[in-house]
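Visitor: Below: one structure in structure tokens.
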Protein chains: 2
Amino acid sequence: MGLGSRFASIVESRGPLCVGIDPSTDSLRTAGLPDTAAGALEFGRAVVAVAAPRVGIVKPQVAYFERFGSAGYGALELLIREARDAGLVVIADAKRGDIGSTMEGYASAWLGDGPLQSDALTVSPYQGFAALEPAFSRAEANGATVFVLSSTSNPDADHVQRASIASETLPALVARYARERSGDATTVGVVVGATRGLAARGLTASDLDGLLILAPGFGAQGASLTDISHIFGAASPNVIPSVSRSVVHDGLANAATAIEEHLRELGL
Amino acid sequence: MGLGSRFASIVESRGPLCVGIDPSTDSLRTAGLPDTAAGALEFGRAVVAVAAPRVGIVKPQVAYFERFGSAGYGALELLIREARDAGLVVIADAKRGDIGSTMEGYASAWLGDGPLQSDALTVSPYQGFAALEPAFSRAEANGATVFVLSSTSNPDADHVQRASIASETLPALVARYARERSGDATTVGVVVGATRGLAARGLTASDLDGLLILAPGFGAQGASLTDISHIFGAASPNVIPSVSRSVVHDGLANAATAIEEHLRELGL
């Protein structure tokens, strides 16, 4: 089905909060789970169980599954399927990027009808925006969304992201290409971190006009969900704020309480 | 183990040629193999069998395995292990990139001691060069090499890669950071496509001084192996030219002949 085609109804019924599923070594230890594919699956299932009655969107971080190789991917396949069966929209946070038939391989993996099929995918634009077209085409056909990295939450991203072409910064350039490709649909969105205001990122709210915005950086990374309109201004209605570590840092037993608190911060 | 620590002896004994393992839908069809994880494994094994007696380095393209989910990763794990057991150095062409503990997840997946352990990994710098440090640290400990995308082979890469900071282009900036991090070792290298000369990429040979250079774009993408010194100038001795489609485009039965021809083009 896809994220894009369901976004309005999700916001209407659940609000825009996205709960990350990040079974890092630290998170598994805090949860008292083994640092294995089975531990990652159990962790993910617990987050899904807590998230499903309360929020509309989850975001598994692929790296934490990939570190266990095929066993980790087996766990991720089960988790994605179970989350979607529970009515959740799944954003695969994979930050893939390549060219030509290789990019089509990634698009097929995450937006095709195989075992990792998700409702949205994050991608990285270093090899050029047009190189990502195989993912956009798949998303367009499925009602899914491809979130292209524009301005990320980490401070050292500046090493690359303050570069510009003819005085247009890379984050603004990515947003402009995304608007052009997405048209009035939700096929292409952007990733913009919430840890700083838009101006400090070389962006304005109008650069993001009409785009779905996946926004990491809340909770453990420092931004507060109460500040979305301050950070994103006129672009706020399309922001999907993502929280991960703050949901599980007091253990899985307290994850439901943490999610409720985040929903209150959003006024929900 | 690792690529970096073995590069000099590989060049001495086999030359620098890298043979790509790209089981795309098209390549599998040409090879008369099913478009499945089992087909990809059989394809990869055939390329390894042909490559092992003749060249030192192979480069599986991860996307073509990932499209089959955990089954594809199971095939890739076997293939990587068998290639390394056959004495080949394996570059995992995954173009991963993220931040913090997420990047450590990717570093652990490809450069740790898990089932996907390889001798080198390609990474993407959009989230900043320093964000890739977990991969550099792992490579440093293992004698492996991390190849950071600098200037890629596809023409539409210009959308992003001609951006600059204080008149330094992104490809040059990536190369400079790579030189600073790698020191006089082979921990960090760069990916620079061979489809155009360095000047057209905003690079000079001195930008690449001392760095290992993984160079796609030969064969099917248009560059000739006889032109390496023309394309890369003084940086040529550190170039690892990669060929993929040209090796298998006449079928697996002719792959050995294609590799012999490429070695002749290199004067080997």
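Convention: chains lettered A, B, ... in structure tokens order; per-chain residue numbering from 1; ligands numbered from 1 as shown.
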Using only C-alpha atoms, what table do you get, as a Markdown table, when you list each residue of range 167-197 of chain B with an atom no more than 10 Å from range 240-248 of chain B, its nearest pair of atoms, and their distance in Å rounded to one decimal, rows by chain then rising number?
Guide:
```
| residue | atom | partner | partner_atom | distance |
| --- | --- | --- | --- | --- |
| B:Val191 | CA | B:Ile240 | CA | 9.5 |
| B:Val192 | CA | B:Pro241 | CA | 9.9 |
| B:Gly193 | CA | B:Pro241 | CA | 9.2 |
| B:Ala194 | CA | B:Pro241 | CA | 8.2 |
```
Visitor: For the residues selected in the previous step, produce a file with all heavy atoms as an mmCIF file, in the first residue's frame.
Guide:
```cif
data_model
loop_
_atom_site.group_PDB
_atom_site.id
_atom_site.type_symbol
_atom_site.label_atom_id
_atom_site.label_comp_id
_atom_site.auth_asym_id
_atom_site.auth_seq_id
_atom_site.Cartn_x
_atom_site.Cartn_y
_atom_site.Cartn_z
ATOM 1 N N VAL B 191 36.490 6.034 -4.331
ATOM 2 C CA VAL B 191 35.926 5.553 -5.587
ATOM 3 C C VAL B 191 35.936 6.719 -6.565
ATOM 4 O O VAL B 191 35.370 7.786 -6.276
ATOM 5 C CB VAL B 191 34.478 5.050 -5.403
ATOM 6 C CG1 VAL B 191 33.865 4.662 -6.753
ATOM 7 C CG2 VAL B 191 34.437 3.863 -4.442
ATOM 8 N N VAL B 192 36.611 6.535 -7.688
ATOM 9 C CA VAL B 192 36.622 7.550 -8.749
ATOM 10 C C VAL B 192 36.353 6.839 -10.069
ATOM 11 O O VAL B 192 37.122 5.959 -10.481
ATOM 12 C CB VAL B 192 37.978 8.293 -8.813
ATOM 13 C CG1 VAL B 192 37.983 9.279 -9.985
ATOM 14 C CG2 VAL B 192 38.269 9.027 -7.514
ATOM 15 N N GLY B 193 35.274 7.197 -10.719
ATOM 16 C CA GLY B 193 34.906 6.569 -11.983
ATOM 17 C C GLY B 193 35.917 6.873 -13.074
ATOM 18 O O GLY B 193 36.583 7.918 -13.064
ATOM 19 N N ALA B 194 36.029 5.945 -14.032
ATOM 20 C CA ALA B 194 37.011 6.078 -15.107
ATOM 21 C C ALA B 194 36.399 6.634 -16.385
ATOM 22 O O ALA B 194 37.088 6.750 -17.398
ATOM 23 C CB ALA B 194 37.641 4.717 -15.391
#
```
Visitor: At what distance in Å, to one decimal, does CA of Val58 in chain A lie from CA of Lys95 in chain B?
Guide: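 Taking CA of Lys95 in chain B and CA of Val58 in chain A, their separation equals 24.2 Å.
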Visitor: Here is a test: counting only C-alpha atoms, which residue of A:Val89, A:Val62, A:Ala199, A:Leu33 is nearest to Ile10 in chain A?
Guide: A:Val89
Visitor: Record the distance separating CA of Glu66 in chain B and CA of Ser118 in chain B, expressed in Å with one decimal.
Guide: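 Value for the CA of Glu66 in chain B-CA of Ser118 in chain B distance: 16.0 Å.
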Visitor: With only C-alpha atoms as the counted atoms, please give the residues lying no more than 10 Å from range 39-48 of chain A, apart from itself and same-chain residues fewer than 5 positions off, as a PyMOL selection string.
Guide: chain A and resi 19-25+27-29+31-34+53+55+57-58+60+64-65+68+72-80+82-84+86+88+244+247-248+252-253+255-256
Visitor: For Asn142 in chain A, which residue among A:Leu111, A:Leu116, A:Met103, A:Ala163 is the nearest when counting only C-alpha atoms?
Guide: A:Leu111
Visitor: Could you state the separation of CA of Asn238 in chain A and CA of Ala178 in chain A in Å, given to one decimal place?
Guide: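 One can read the CA of Asn238 in chain A to CA of Ala178 in chain A distance as 14.1 Å.
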Visitor: Between A:Gly197, A:Pro155, A:Gly267, A:Gly97, which is the closest to Ala131 in chain B once you count only C-alpha atoms?
Guide: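 That would be A:Pro155, the residue with the smallest distance to Ala131 in chain B.
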Visitor: Just list the residues in range 17-111 of chain B DSSP gives alpha helix (DSSP H) on the backbone, as a PyMOL selection string.
Guide: chain B and resi 25-30+37-51+63-66+69-85+100-111
Visitor: Just want the 7 Å neighbourhood of range 184-189 of chain B, counted on only C-alpha atoms, with same-chain residues fewer than 2 positions away dropped. Output as number ranges by chain.
Guide: B: 4, 136, 139-140, 143-148, 178, 181-182, 211-213
Visitor: What are the DSSP strand (DSSP E or B) residues of range 110-245 of chain B, as JSON, numbers by chain?
Guide: {"B": [120, 121, 122, 123, 145, 146, 147, 148, 149, 150, 151, 164, 165, 168, 169, 188, 189, 190, 191, 192, 213, 214, 215, 218, 223, 239, 240, 241, 242, 243]}
Visitor: Keeping N, CA, C and O atoms for every residue in the selection just given, could you write it to a file as a short mmCIF file (atom, residue, chain, number, x, y, z; two decimals), in the first residue's frame?
Guide:
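Result file is out-v6.cif:
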```cif
data_model
loop_
_atom_site.label_atom_id
_atom_site.label_comp_id
_atom_site.auth_asym_id
_atom_site.auth_seq_id
_atom_site.Cartn_x
_atom_site.Cartn_y
_atom_site.Cartn_z
N ALA B 120 37.20 -5.28 2.15
CA ALA B 120 37.03 -3.85 1.86
C ALA B 120 35.55 -3.59 1.68
O ALA B 120 34.77 -4.50 1.39
N LEU B 121 35.17 -2.31 1.84
CA LEU B 121 33.76 -1.91 1.78
C LEU B 121 33.67 -0.55 1.10
O LEU B 121 34.48 0.33 1.37
N THR B 122 32.68 -0.38 0.24
CA THR B 122 32.43 0.96 -0.29
C THR B 122 31.39 1.67 0.58
O THR B 122 30.45 1.06 1.07
N VAL B 123 31.60 2.97 0.81
CA VAL B 123 30.69 3.77 1.65
C VAL B 123 30.39 5.10 0.96
O VAL B 123 31.13 5.55 0.08
N THR B 145 40.19 -1.99 3.88
CA THR B 145 40.12 -0.68 3.24
C THR B 145 38.66 -0.25 3.09
O THR B 145 37.81 -1.07 2.73
N VAL B 146 38.40 1.01 3.39
CA VAL B 146 37.08 1.60 3.15
C VAL B 146 37.20 2.56 1.98
O VAL B 146 37.98 3.52 2.02
N PHE B 147 36.47 2.28 0.91
CA PHE B 147 36.49 3.15 -0.26
C PHE B 147 35.31 4.12 -0.17
O PHE B 147 34.15 3.72 -0.25
N VAL B 148 35.62 5.41 -0.04
CA VAL B 148 34.58 6.43 0.07
C VAL B 148 34.26 6.96 -1.33
O VAL B 148 35.18 7.30 -2.09
N LEU B 149 32.98 7.06 -1.66
CA LEU B 149 32.60 7.63 -2.96
C LEU B 149 33.15 9.05 -3.06
O LEU B 149 32.87 9.89 -2.21
N SER B 150 33.91 9.30 -4.10
CA SER B 150 34.41 10.64 -4.37
C SER B 150 33.71 11.15 -5.63
O SER B 150 32.86 12.03 -5.57
N SER B 151 34.03 10.55 -6.78
CA SER B 151 33.43 10.98 -8.06
C SER B 151 33.01 9.73 -8.82
O SER B 151 33.86 8.95 -9.25
N SER B 164 30.42 22.51 -4.25
CA SER B 164 31.71 22.85 -3.66
C SER B 164 31.53 23.65 -2.38
O SER B 164 30.47 24.23 -2.12
N ILE B 165 32.59 23.64 -1.57
CA ILE B 165 32.66 24.45 -0.36
C ILE B 165 33.92 25.28 -0.46
O ILE B 165 35.01 24.73 -0.57
N GLU B 168 36.31 24.35 -3.17
CA GLU B 168 36.79 22.96 -3.23
C GLU B 168 35.60 22.06 -3.58
O GLU B 168 34.57 22.08 -2.90
N THR B 169 35.72 21.28 -4.67
CA THR B 169 34.61 20.40 -5.07
C THR B 169 34.46 19.25 -4.09
O THR B 169 35.41 18.87 -3.40
N VAL B 188 41.89 4.06 4.18
CA VAL B 188 40.82 4.77 3.48
C VAL B 188 41.24 5.02 2.04
O VAL B 188 42.31 5.57 1.79
N GLY B 189 40.41 4.60 1.12
CA GLY B 189 40.61 4.87 -0.30
C GLY B 189 39.40 5.62 -0.83
O GLY B 189 38.53 6.04 -0.07
N VAL B 190 39.37 5.81 -2.14
CA VAL B 190 38.25 6.52 -2.76
C VAL B 190 37.74 5.76 -3.98
O VAL B 190 38.48 4.96 -4.57
N VAL B 191 36.49 6.03 -4.33
CA VAL B 191 35.93 5.55 -5.59
C VAL B 191 35.94 6.72 -6.57
O VAL B 191 35.37 7.79 -6.28
N VAL B 192 36.61 6.53 -7.69
CA VAL B 192 36.62 7.55 -8.75
C VAL B 192 36.35 6.84 -10.07
O VAL B 192 37.12 5.96 -10.48
N ILE B 213 42.56 3.69 -5.20
CA ILE B 213 41.44 4.22 -5.99
C ILE B 213 40.70 3.07 -6.63
O ILE B 213 41.23 2.37 -7.50
N LEU B 214 39.48 2.86 -6.20
CA LEU B 214 38.62 1.86 -6.84
C LEU B 214 37.93 2.55 -8.01
O LEU B 214 37.22 3.55 -7.81
N ALA B 215 38.16 2.05 -9.22
CA ALA B 215 37.71 2.76 -10.43
C ALA B 215 36.75 1.91 -11.24
O ALA B 215 37.17 1.03 -12.00
N PHE B 218 34.91 0.88 -16.44
CA PHE B 218 35.61 0.23 -17.55
C PHE B 218 34.68 -0.78 -18.23
O PHE B 218 33.72 -1.27 -17.64
N ALA B 223 34.91 3.16 -20.56
CA ALA B 223 36.35 3.43 -20.47
C ALA B 223 37.13 2.17 -20.84
O ALA B 223 36.65 1.05 -20.67
N VAL B 239 45.49 2.60 -8.86
CA VAL B 239 44.14 2.37 -9.39
C VAL B 239 43.81 0.88 -9.41
O VAL B 239 44.61 0.07 -9.87
N ILE B 240 42.64 0.55 -8.89
CA ILE B 240 42.09 -0.80 -8.98
C ILE B 240 40.95 -0.73 -9.98
O ILE B 240 39.83 -0.32 -9.65
N PRO B 241 41.20 -1.10 -11.25
CA PRO B 241 40.15 -1.00 -12.26
C PRO B 241 39.16 -2.15 -12.09
O PRO B 241 39.56 -3.29 -11.91
N SER B 242 37.88 -1.82 -12.14
CA SER B 242 36.85 -2.83 -11.93
C SER B 242 36.05 -3.05 -13.21
O SER B 242 35.61 -2.09 -13.85
N VAL B 243 35.88 -4.30 -13.57
CA VAL B 243 35.09 -4.68 -14.74
C VAL B 243 34.03 -5.67 -14.30
O VAL B 243 34.28 -6.53 -13.46
#
```
Visitor: For each of B:Arg138, B:Arg162, B:Arg6, B:Arg81, take the minimum atom-to-atom distance to chain A, counting only C-alpha atoms, then give the residue where this is smallest.
Guide: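 Closest to chain A of all the choices is B:Arg162.
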Visitor: Skip Gly100 in chain A itself and residues of its chain fewer than 3 positions away, then list as a PDB file with all heavy atoms, in the first residue's frame all residues within 12 Å of it, counting only C-alpha atoms.
Guide:
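Heads up, here's the output in part12.pdb:
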```pdb
ATOM      1  N   GLY A  97      21.713   3.802  -1.922  1.00  0.00           N
ATOM      2  CA  GLY A  97      21.930   4.666  -3.070  1.00  0.00           C
ATOM      3  C   GLY A  97      22.893   4.019  -4.024  1.00  0.00           C
ATOM      4  O   GLY A  97      23.910   3.462  -3.602  1.00  0.00           O
ATOM      5  N   MET A 103      20.737   0.367  -8.593  1.00  0.00           N
ATOM      6  CA  MET A 103      19.696   1.067  -7.824  1.00  0.00           C
ATOM      7  C   MET A 103      18.368   0.338  -7.975  1.00  0.00           C
ATOM      8  O   MET A 103      17.603   0.252  -7.010  1.00  0.00           O
ATOM      9  CB  MET A 103      19.582   2.516  -8.303  1.00  0.00           C
ATOM     10  CG  MET A 103      18.702   3.384  -7.404  1.00  0.00           C
ATOM     11  SD  MET A 103      19.345   3.515  -5.697  1.00  0.00           S
ATOM     12  CE  MET A 103      17.813   3.510  -4.752  1.00  0.00           C
ATOM     13  N   GLU A 104      18.102  -0.179  -9.151  1.00  0.00           N
ATOM     14  CA  GLU A 104      16.879  -0.969  -9.339  1.00  0.00           C
ATOM     15  C   GLU A 104      16.894  -2.203  -8.421  1.00  0.00           C
ATOM     16  O   GLU A 104      15.851  -2.606  -7.909  1.00  0.00           O
ATOM     17  CB  GLU A 104      16.732  -1.375 -10.813  1.00  0.00           C
ATOM     18  CG  GLU A 104      15.688  -2.439 -11.105  1.00  0.00           C
ATOM     19  CD  GLU A 104      14.268  -2.092 -10.647  1.00  0.00           C
ATOM     20  OE1 GLU A 104      13.965  -0.907 -10.450  1.00  0.00           O
ATOM     21  OE2 GLU A 104      13.471  -3.043 -10.474  1.00  0.00           O
ATOM     22  N   GLY A 105      18.082  -2.774  -8.191  1.00  0.00           N
ATOM     23  CA  GLY A 105      18.183  -3.882  -7.237  1.00  0.00           C
ATOM     24  C   GLY A 105      17.713  -3.473  -5.851  1.00  0.00           C
ATOM     25  O   GLY A 105      16.926  -4.179  -5.208  1.00  0.00           O
ATOM     26  N   TYR A 106      18.182  -2.305  -5.381  1.00  0.00           N
ATOM     27  CA  TYR A 106      17.741  -1.833  -4.063  1.00  0.00           C
ATOM     28  C   TYR A 106      16.248  -1.495  -4.050  1.00  0.00           C
ATOM     29  O   TYR A 106      15.540  -1.782  -3.083  1.00  0.00           O
ATOM     30  CB  TYR A 106      18.557  -0.610  -3.631  1.00  0.00           C
ATOM     31  CG  TYR A 106      19.973  -0.953  -3.209  1.00  0.00           C
ATOM     32  CD1 TYR A 106      21.074  -0.301  -3.746  1.00  0.00           C
ATOM     33  CD2 TYR A 106      20.205  -1.942  -2.256  1.00  0.00           C
ATOM     34  CE1 TYR A 106      22.369  -0.621  -3.358  1.00  0.00           C
ATOM     35  CE2 TYR A 106      21.498  -2.268  -1.862  1.00  0.00           C
ATOM     36  CZ  TYR A 106      22.577  -1.605  -2.421  1.00  0.00           C
ATOM     37  OH  TYR A 106      23.852  -1.921  -2.029  1.00  0.00           O
ATOM     38  N   ALA A 107      15.782  -0.853  -5.133  1.00  0.00           N
ATOM     39  CA  ALA A 107      14.354  -0.504  -5.210  1.00  0.00           C
ATOM     40  C   ALA A 107      13.505  -1.764  -5.154  1.00  0.00           C
ATOM     41  O   ALA A 107      12.487  -1.820  -4.455  1.00  0.00           O
ATOM     42  CB  ALA A 107      14.087   0.286  -6.484  1.00  0.00           C
ATOM     43  N   GLN A 127      25.221   9.993  -5.345  1.00  0.00           N
ATOM     44  CA  GLN A 127      25.485   9.665  -6.755  1.00  0.00           C
ATOM     45  C   GLN A 127      24.560  10.399  -7.719  1.00  0.00           C
ATOM     46  O   GLN A 127      24.496  10.070  -8.905  1.00  0.00           O
ATOM     47  CB  GLN A 127      25.423   8.143  -6.958  1.00  0.00           C
ATOM     48  CG  GLN A 127      26.596   7.461  -6.258  1.00  0.00           C
ATOM     49  CD  GLN A 127      26.604   5.970  -6.415  1.00  0.00           C
ATOM     50  OE1 GLN A 127      26.090   5.251  -5.575  1.00  0.00           O
ATOM     51  NE2 GLN A 127      27.193   5.477  -7.483  1.00  0.00           N
ATOM     52  N   GLY A 128      23.867  11.394  -7.214  1.00  0.00           N
ATOM     53  CA  GLY A 128      22.984  12.198  -8.049  1.00  0.00           C
ATOM     54  C   GLY A 128      21.533  11.844  -7.810  1.00  0.00           C
ATOM     55  O   GLY A 128      21.192  10.701  -7.515  1.00  0.00           O
ATOM     56  N   PHE A 129      20.680  12.858  -7.941  1.00  0.00           N
ATOM     57  CA  PHE A 129      19.264  12.659  -7.655  1.00  0.00           C
ATOM     58  C   PHE A 129      18.621  11.739  -8.693  1.00  0.00           C
ATOM     59  O   PHE A 129      17.851  10.829  -8.358  1.00  0.00           O
ATOM     60  CB  PHE A 129      18.561  14.014  -7.638  1.00  0.00           C
ATOM     61  CG  PHE A 129      17.181  13.955  -7.077  1.00  0.00           C
ATOM     62  CD1 PHE A 129      16.967  14.097  -5.721  1.00  0.00           C
ATOM     63  CD2 PHE A 129      16.092  13.750  -7.907  1.00  0.00           C
ATOM     64  CE1 PHE A 129      15.695  14.037  -5.194  1.00  0.00           C
ATOM     65  CE2 PHE A 129      14.810  13.685  -7.388  1.00  0.00           C
ATOM     66  CZ  PHE A 129      14.608  13.834  -6.027  1.00  0.00           C
ATOM     67  N   ALA A 130      18.932  11.949  -9.965  1.00  0.00           N
ATOM     68  CA  ALA A 130      18.283  11.171 -11.032  1.00  0.00           C
ATOM     69  C   ALA A 130      18.654   9.700 -10.951  1.00  0.00           C
ATOM     70  O   ALA A 130      17.897   8.836 -11.420  1.00  0.00           O
ATOM     71  CB  ALA A 130      18.670  11.737 -12.397  1.00  0.00           C
ATOM     72  N   ALA A 131      19.807   9.392 -10.350  1.00  0.00           N
ATOM     73  CA  ALA A 131      20.228   7.995 -10.209  1.00  0.00           C
ATOM     74  C   ALA A 131      19.263   7.211  -9.329  1.00  0.00           C
ATOM     75  O   ALA A 131      19.216   5.979  -9.379  1.00  0.00           O
ATOM     76  CB  ALA A 131      21.642   7.926  -9.635  1.00  0.00           C
ATOM     77  N   LEU A 132      18.470   7.927  -8.534  1.00  0.00           N
ATOM     78  CA  LEU A 132      17.536   7.278  -7.614  1.00  0.00           C
ATOM     79  C   LEU A 132      16.190   6.949  -8.268  1.00  0.00           C
ATOM     80  O   LEU A 132      15.304   6.379  -7.629  1.00  0.00           O
ATOM     81  CB  LEU A 132      17.316   8.178  -6.391  1.00  0.00           C
ATOM     82  CG  LEU A 132      18.593   8.568  -5.640  1.00  0.00           C
ATOM     83  CD1 LEU A 132      18.310   9.675  -4.637  1.00  0.00           C
ATOM     84  CD2 LEU A 132      19.193   7.349  -4.941  1.00  0.00           C
ATOM     85  N   GLU A 133      16.052   7.303  -9.544  1.00  0.00           N
ATOM     86  CA  GLU A 133      14.772   7.146 -10.246  1.00  0.00           C
ATOM     87  C   GLU A 133      14.154   5.747 -10.127  1.00  0.00           C
ATOM     88  O   GLU A 133      12.925   5.632  -9.979  1.00  0.00           O
ATOM     89  CB  GLU A 133      14.926   7.551 -11.715  1.00  0.00           C
ATOM     90  CG  GLU A 133      13.667   7.428 -12.555  1.00  0.00           C
ATOM     91  CD  GLU A 133      12.474   8.228 -11.998  1.00  0.00           C
ATOM     92  OE1 GLU A 133      12.689   9.310 -11.437  1.00  0.00           O
ATOM     93  OE2 GLU A 133      11.338   7.734 -12.113  1.00  0.00           O
ATOM     94  N   PRO A 134      14.931   4.647 -10.182  1.00  0.00           N
ATOM     95  CA  PRO A 134      14.278   3.342 -10.036  1.00  0.00           C
ATOM     96  C   PRO A 134      13.471   3.227  -8.735  1.00  0.00           C
ATOM     97  O   PRO A 134      12.415   2.582  -8.718  1.00  0.00           O
ATOM     98  CB  PRO A 134      15.455   2.355 -10.046  1.00  0.00           C
ATOM     99  CG  PRO A 134      16.495   3.047 -10.882  1.00  0.00           C
ATOM    100  CD  PRO A 134      16.372   4.507 -10.500  1.00  0.00           C
ATOM    101  N   ALA A 135      13.932   3.850  -7.673  1.00  0.00           N
ATOM    102  CA  ALA A 135      13.163   3.821  -6.415  1.00  0.00           C
ATOM    103  C   ALA A 135      11.920   4.698  -6.536  1.00  0.00           C
ATOM    104  O   ALA A 135      10.838   4.322  -6.071  1.00  0.00           O
ATOM    105  CB  ALA A 135      14.034   4.275  -5.248  1.00  0.00           C
TER     106      ALA A 135
ATOM    107  N   SER B  24      22.645  -9.362 -11.776  1.00  0.00           N
ATOM    108  CA  SER B  24      21.414  -8.633 -12.086  1.00  0.00           C
ATOM    109  C   SER B  24      20.452  -9.557 -12.814  1.00  0.00           C
ATOM    110  O   SER B  24      20.832 -10.637 -13.277  1.00  0.00           O
ATOM    111  CB  SER B  24      21.740  -7.430 -12.970  1.00  0.00           C
ATOM    112  OG  SER B  24      22.237  -7.877 -14.222  1.00  0.00           O
ATOM    113  N   ALA B  63      23.580  -5.037  -3.830  1.00  0.00           N
ATOM    114  CA  ALA B  63      22.170  -4.797  -4.197  1.00  0.00           C
ATOM    115  C   ALA B  63      21.547  -6.010  -4.878  1.00  0.00           C
ATOM    116  O   ALA B  63      20.366  -6.310  -4.671  1.00  0.00           O
ATOM    117  CB  ALA B  63      22.063  -3.589  -5.124  1.00  0.00           C
ATOM    118  N   TYR B  64      22.350  -6.701  -5.707  1.00  0.00           N
ATOM    119  CA  TYR B  64      21.790  -7.822  -6.478  1.00  0.00           C
ATOM    120  C   TYR B  64      21.516  -9.041  -5.600  1.00  0.00           C
ATOM    121  O   TYR B  64      20.815  -9.955  -6.013  1.00  0.00           O
ATOM    122  CB  TYR B  64      22.722  -8.195  -7.623  1.00  0.00           C
ATOM    123  CG  TYR B  64      22.883  -7.084  -8.635  1.00  0.00           C
ATOM    124  CD1 TYR B  64      24.145  -6.613  -8.986  1.00  0.00           C
ATOM    125  CD2 TYR B  64      21.780  -6.492  -9.231  1.00  0.00           C
ATOM    126  CE1 TYR B  64      24.302  -5.589  -9.905  1.00  0.00           C
ATOM    127  CE2 TYR B  64      21.919  -5.466 -10.145  1.00  0.00           C
ATOM    128  CZ  TYR B  64      23.187  -5.015 -10.482  1.00  0.00           C
ATOM    129  OH  TYR B  64      23.330  -4.000 -11.386  1.00  0.00           O
ATOM    130  N   SER B 153      30.887   7.057 -11.553  1.00  0.00           N
ATOM    131  CA  SER B 153      31.010   6.896 -12.998  1.00  0.00           C
ATOM    132  C   SER B 153      29.811   7.407 -13.789  1.00  0.00           C
ATOM    133  O   SER B 153      29.926   7.669 -14.985  1.00  0.00           O
ATOM    134  CB  SER B 153      31.244   5.411 -13.324  1.00  0.00           C
ATOM    135  OG  SER B 153      30.162   4.629 -12.863  1.00  0.00           O
ATOM    136  N   ASN B 154      28.658   7.566 -13.141  1.00  0.00           N
ATOM    137  CA  ASN B 154      27.446   7.953 -13.870  1.00  0.00           C
ATOM    138  C   ASN B 154      27.398   9.455 -14.153  1.00  0.00           C
ATOM    139  O   ASN B 154      27.721  10.269 -13.289  1.00  0.00           O
ATOM    140  CB  ASN B 154      26.212   7.552 -13.055  1.00  0.00           C
ATOM    141  CG  ASN B 154      26.190   8.168 -11.658  1.00  0.00           C
ATOM    142  OD1 ASN B 154      27.205   8.183 -10.980  1.00  0.00           O
ATOM    143  ND2 ASN B 154      25.067   8.686 -11.245  1.00  0.00           N
ATOM    144  N   PRO B 155      26.972   9.847 -15.363  1.00  0.00           N
ATOM    145  CA  PRO B 155      26.936  11.282 -15.708  1.00  0.00           C
ATOM    146  C   PRO B 155      26.030  12.099 -14.785  1.00  0.00           C
ATOM    147  O   PRO B 155      26.359  13.235 -14.443  1.00  0.00           O
ATOM    148  CB  PRO B 155      26.380  11.286 -17.139  1.00  0.00           C
ATOM    149  CG  PRO B 155      26.604   9.901 -17.666  1.00  0.00           C
ATOM    150  CD  PRO B 155      26.576   8.982 -16.490  1.00  0.00           C
ATOM    151  N   ASP B 156      24.889  11.532 -14.341  1.00  0.00           N
ATOM    152  CA  ASP B 156      23.973  12.341 -13.528  1.00  0.00           C
ATOM    153  C   ASP B 156      24.463  12.543 -12.098  1.00  0.00           C
ATOM    154  O   ASP B 156      23.806  13.224 -11.311  1.00  0.00           O
ATOM    155  CB  ASP B 156      22.535  11.806 -13.561  1.00  0.00           C
ATOM    156  CG  ASP B 156      22.450  10.305 -13.344  1.00  0.00           C
ATOM    157  OD1 ASP B 156      23.455   9.723 -12.879  1.00  0.00           O
ATOM    158  OD2 ASP B 156      21.391   9.722 -13.636  1.00  0.00           O
ATOM    159  N   ALA B 157      25.614  11.998 -11.765  1.00  0.00           N
ATOM    160  CA  ALA B 157      26.223  12.289 -10.459  1.00  0.00           C
ATOM    161  C   ALA B 157      26.529  13.778 -10.319  1.00  0.00           C
ATOM    162  O   ALA B 157      26.599  14.301  -9.208  1.00  0.00           O
ATOM    163  CB  ALA B 157      27.502  11.478 -10.270  1.00  0.00           C
ATOM    164  N   GLN B 221      30.737   0.282 -19.384  1.00  0.00           N
ATOM    165  CA  GLN B 221      30.423   1.698 -19.163  1.00  0.00           C
ATOM    166  C   GLN B 221      31.260   2.636 -20.036  1.00  0.00           C
ATOM    167  O   GLN B 221      31.088   3.846 -19.981  1.00  0.00           O
ATOM    168  CB  GLN B 221      30.583   2.072 -17.691  1.00  0.00           C
ATOM    169  CG  GLN B 221      29.440   1.566 -16.810  1.00  0.00           C
ATOM    170  CD  GLN B 221      29.546   2.100 -15.381  1.00  0.00           C
ATOM    171  OE1 GLN B 221      29.352   3.277 -15.108  1.00  0.00           O
ATOM    172  NE2 GLN B 221      29.878   1.220 -14.449  1.00  0.00           N
TER     173      GLN B 221
END
```
